[in-house]
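Undergrad: Sending over a structure as structure tokens; questions will come in a sec.
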Amino acid sequence: MRVVSLVPSLTEAIARSAPGALVGATDWCTHPADLDVERIGGTKNPGLDRIVALAPDLVIANEEENRAPDLEALREAGLQVLVTEVRDVPEAFRELARVVEACGVLRPRWLDEAEKAWAALAPPSRRTTAVVPIWRRPWMVLGRDTFAGDVLSRLGVDHLYVTHEDRYPRIPLAELRAAAPDLVVLPDEPYRFTPDDGPEAFPGLPCALVSGRHLTWYGPSLAEAPRALGAALRAALR
């Protein structure tokens, strides 16, 4: 089986589940750290000719991460393209199982462990409101119908733009401050918020700096995400 992955989190999942199957991945596929495959460009601007030249049996994509015209061009070139759709945690597990099966391997242990970790999660003792920026210049936040929003909700965090008509709305900073959330959640991707870049925009508000891999990736990181994210959220609210 020869597989090209256009989704960083699914690249990690395939590398863990079907060693040797991956022949190509995007420049943003950073896990596992020792992944040695052909790099085919970004998720939004992959090198289609390079992908075709690799002659994969399967291309793995995602309806949000990747552009529909690129996926259609790959199909027109005769390649099989599997497109995932993930908007919540249960859907992530279903789609991961589908990807692994399409790669021709048995269900991996890490997937069972990840499902158990989320099934064992205790109901939150209290609910916390938050804004969750994912970009600045301009400021963009989580909106409706997102995987990361569902992850946070299961951890007791209700982000304030969950009913916005856009999935990733642009909201002026003054409006974000005026919303008066209990917490600001700042992931390190897609924008790399750091202790020196992000919290200063929200004076007087507790800020939780969290791993974007734990918040937005659906793959092996799901097994440790409840613990890692929960610890970061609790630390910010002390």
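Quick note on naming: the chains in the structure tokens go A, B, ... in the order shown, residues restart at 1 in each chain, and ligands are numbered from 1 in order of appearance.
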When DSSP works through the backbone of this structure, what residues of stretch 66-236 of chain A end up as helix (DSSP H, G or I), shown as a PyMOL selection string?

TA: chain A and resi 68-76+89-102+109-119+147-154+173-178+199-201+212-216+220-223+225-236

Undergrad: Go ahead and write the selection's residues with C-alpha atoms as a PDB file, in the first residue's frame.

TA:
```pdb
ATOM      1  CA  ALA A  68     -11.902  20.738  -3.077  1.00  0.00           C
ATOM      2  CA  PRO A  69     -10.379  21.744  -6.477  1.00  0.00           C
ATOM      3  CA  ASP A  70      -7.079  20.082  -5.528  1.00  0.00           C
ATOM      4  CA  LEU A  71      -8.824  16.869  -4.506  1.00  0.00           C
ATOM      5  CA  GLU A  72     -10.884  16.836  -7.687  1.00  0.00           C
ATOM      6  CA  ALA A  73      -7.722  17.307  -9.763  1.00  0.00           C
ATOM      7  CA  LEU A  74      -6.168  14.284  -8.053  1.00  0.00           C
ATOM      8  CA  ARG A  75      -9.253  12.207  -8.828  1.00  0.00           C
ATOM      9  CA  GLU A  76      -9.148  13.341 -12.446  1.00  0.00           C
ATOM     10  CA  VAL A  89     -14.795  13.753  19.065  1.00  0.00           C
ATOM     11  CA  PRO A  90     -17.032  10.748  18.214  1.00  0.00           C
ATOM     12  CA  GLU A  91     -16.752  11.594  14.524  1.00  0.00           C
ATOM     13  CA  ALA A  92     -12.965  11.710  14.891  1.00  0.00           C
ATOM     14  CA  PHE A  93     -12.928   8.141  16.162  1.00  0.00           C
ATOM     15  CA  ARG A  94     -15.201   6.937  13.338  1.00  0.00           C
ATOM     16  CA  GLU A  95     -13.098   8.621  10.688  1.00  0.00           C
ATOM     17  CA  LEU A  96      -9.823   7.388  12.161  1.00  0.00           C
ATOM     18  CA  ALA A  97     -11.140   3.832  12.054  1.00  0.00           C
ATOM     19  CA  ARG A  98     -12.139   4.363   8.410  1.00  0.00           C
ATOM     20  CA  VAL A  99      -8.696   5.704   7.497  1.00  0.00           C
ATOM     21  CA  VAL A 100      -6.881   2.826   9.185  1.00  0.00           C
ATOM     22  CA  GLU A 101      -9.123   0.285   7.466  1.00  0.00           C
ATOM     23  CA  ALA A 102      -8.535   1.956   4.091  1.00  0.00           C
ATOM     24  CA  ARG A 109      -4.134  -0.198  20.086  1.00  0.00           C
ATOM     25  CA  TRP A 110      -3.659   3.580  20.323  1.00  0.00           C
ATOM     26  CA  LEU A 111      -7.131   4.131  18.887  1.00  0.00           C
ATOM     27  CA  ASP A 112      -8.711   1.956  21.586  1.00  0.00           C
ATOM     28  CA  GLU A 113      -6.688   3.800  24.225  1.00  0.00           C
ATOM     29  CA  ALA A 114      -7.828   7.173  22.900  1.00  0.00           C
ATOM     30  CA  GLU A 115     -11.484   6.159  22.942  1.00  0.00           C
ATOM     31  CA  LYS A 116     -11.131   4.864  26.503  1.00  0.00           C
ATOM     32  CA  ALA A 117      -9.492   8.115  27.623  1.00  0.00           C
ATOM     33  CA  TRP A 118     -12.462  10.175  26.416  1.00  0.00           C
ATOM     34  CA  ALA A 119     -15.071   7.672  27.627  1.00  0.00           C
ATOM     35  CA  PHE A 147     -13.786  19.749  16.448  1.00  0.00           C
ATOM     36  CA  ALA A 148     -11.767  21.934  18.831  1.00  0.00           C
ATOM     37  CA  GLY A 149     -14.965  23.459  20.182  1.00  0.00           C
ATOM     38  CA  ASP A 150     -16.350  20.005  20.954  1.00  0.00           C
ATOM     39  CA  VAL A 151     -13.094  19.009  22.643  1.00  0.00           C
ATOM     40  CA  LEU A 152     -13.282  22.048  24.925  1.00  0.00           C
ATOM     41  CA  SER A 153     -16.964  21.524  25.651  1.00  0.00           C
ATOM     42  CA  ARG A 154     -16.264  17.998  26.901  1.00  0.00           C
ATOM     43  CA  LEU A 173     -10.080  42.520  19.646  1.00  0.00           C
ATOM     44  CA  ALA A 174     -12.193  45.120  21.443  1.00  0.00           C
ATOM     45  CA  GLU A 175     -15.230  42.880  21.039  1.00  0.00           C
ATOM     46  CA  LEU A 176     -13.350  39.835  22.334  1.00  0.00           C
ATOM     47  CA  ARG A 177     -12.347  41.754  25.443  1.00  0.00           C
ATOM     48  CA  ALA A 178     -15.858  43.133  25.918  1.00  0.00           C
ATOM     49  CA  PRO A 199      -1.800  37.032  26.616  1.00  0.00           C
ATOM     50  CA  GLU A 200      -0.797  40.715  26.567  1.00  0.00           C
ATOM     51  CA  ALA A 201      -3.827  41.417  24.355  1.00  0.00           C
ATOM     52  CA  GLY A 212      -2.640  22.870  19.237  1.00  0.00           C
ATOM     53  CA  ARG A 213      -1.838  19.221  18.604  1.00  0.00           C
ATOM     54  CA  HIS A 214      -3.943  18.258  21.618  1.00  0.00           C
ATOM     55  CA  LEU A 215      -6.739  20.715  20.813  1.00  0.00           C
ATOM     56  CA  THR A 216      -7.118  20.376  17.044  1.00  0.00           C
ATOM     57  CA  PRO A 220      -2.738   9.357  18.522  1.00  0.00           C
ATOM     58  CA  SER A 221      -2.617  12.639  20.454  1.00  0.00           C
ATOM     59  CA  LEU A 222      -6.279  12.100  21.392  1.00  0.00           C
ATOM     60  CA  ALA A 223      -5.171   9.579  24.020  1.00  0.00           C
ATOM     61  CA  ALA A 225      -5.411  15.246  25.099  1.00  0.00           C
ATOM     62  CA  PRO A 226      -7.924  15.099  28.008  1.00  0.00           C
ATOM     63  CA  ARG A 227      -5.133  15.041  30.584  1.00  0.00           C
ATOM     64  CA  ALA A 228      -2.876  17.607  28.902  1.00  0.00           C
ATOM     65  CA  LEU A 229      -5.601  20.091  28.058  1.00  0.00           C
ATOM     66  CA  GLY A 230      -7.328  19.658  31.406  1.00  0.00           C
ATOM     67  CA  ALA A 231      -4.096  20.432  33.258  1.00  0.00           C
ATOM     68  CA  ALA A 232      -3.481  23.594  31.194  1.00  0.00           C
ATOM     69  CA  LEU A 233      -7.040  24.835  31.707  1.00  0.00           C
ATOM     70  CA  ARG A 234      -6.989  24.211  35.465  1.00  0.00           C
ATOM     71  CA  ALA A 235      -3.609  25.946  35.836  1.00  0.00           C
ATOM     72  CA  ALA A 236      -4.915  29.072  34.106  1.00  0.00           C
TER      73      ALA A 236
END
```

Undergrad: So that I can see what lies close to stretch 31-40 of chain A, please list as a PyMOL selection string the residues with an atom at most 8 Å from it, counting only C-alpha atoms and leaving out residues fewer than 6 positions away in the same chain.

TA: chain A and resi 8-9+11-12+15+22-25+46-48+50-51

Undergrad: Could you tell me which of A:Cys207, A:Leu155, A:Val83, A:Ala120 comes closest to A:Thr194 if we count only C-alpha atoms?

TA: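 With only C-alpha atoms as the atom set, the closest residue is A:Cys207.
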
Undergrad: Would you pick out the contacts of A:Ala21 at 8 Å or less, using only C-alpha atoms, so that residues sharing its chain but fewer than 4 positions from it are not included, and give the list as a ChimeraX atom specification?

TA: /A:1-3,14-15,103

Undergrad: Can you check which residues of stretch 3-237 of chain A DSSP gives as strand (DSSP E or B) on the backbone and send them as JSON, numbers by chain?

TA: {"A": [3, 4, 5, 22, 23, 24, 25, 38, 39, 41, 46, 58, 59, 60, 61, 62, 81, 82, 83, 84, 128, 129, 130, 131, 133, 134, 135, 140, 141, 157, 158, 159, 170, 183, 184, 185, 186, 187, 194, 197, 207, 208, 209, 210]}

Undergrad: Please identify all polymer residues within 10 Å of A:Val131, counting only C-alpha atoms, omitting same-chain residues fewer than 2 positions from it, and present them as a list in words.

TA: Thr129, Pro133, Ile134, Met140, Val141, Leu142, Gly143, Val157, Asp158, His159, Leu160, Tyr161, Val162, Leu176, Arg177, Ala179, Ala180, Pro181, Asp182, Leu183, Val184, Val185, Leu186 and Cys207 of chain A

Undergrad: Rounded to one decimal, what separation in Å do you get between atom CA of A:Val52 and atom CA of A:Leu79?

TA: 7.6 Å

Undergrad: Figure out the distance between atom CA of A:Pro172 and atom CA of A:Glu85, please, to one decimal in Å.

TA: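 Atom CA of A:Glu85 sits 29.1 Å away from atom CA of A:Pro172.
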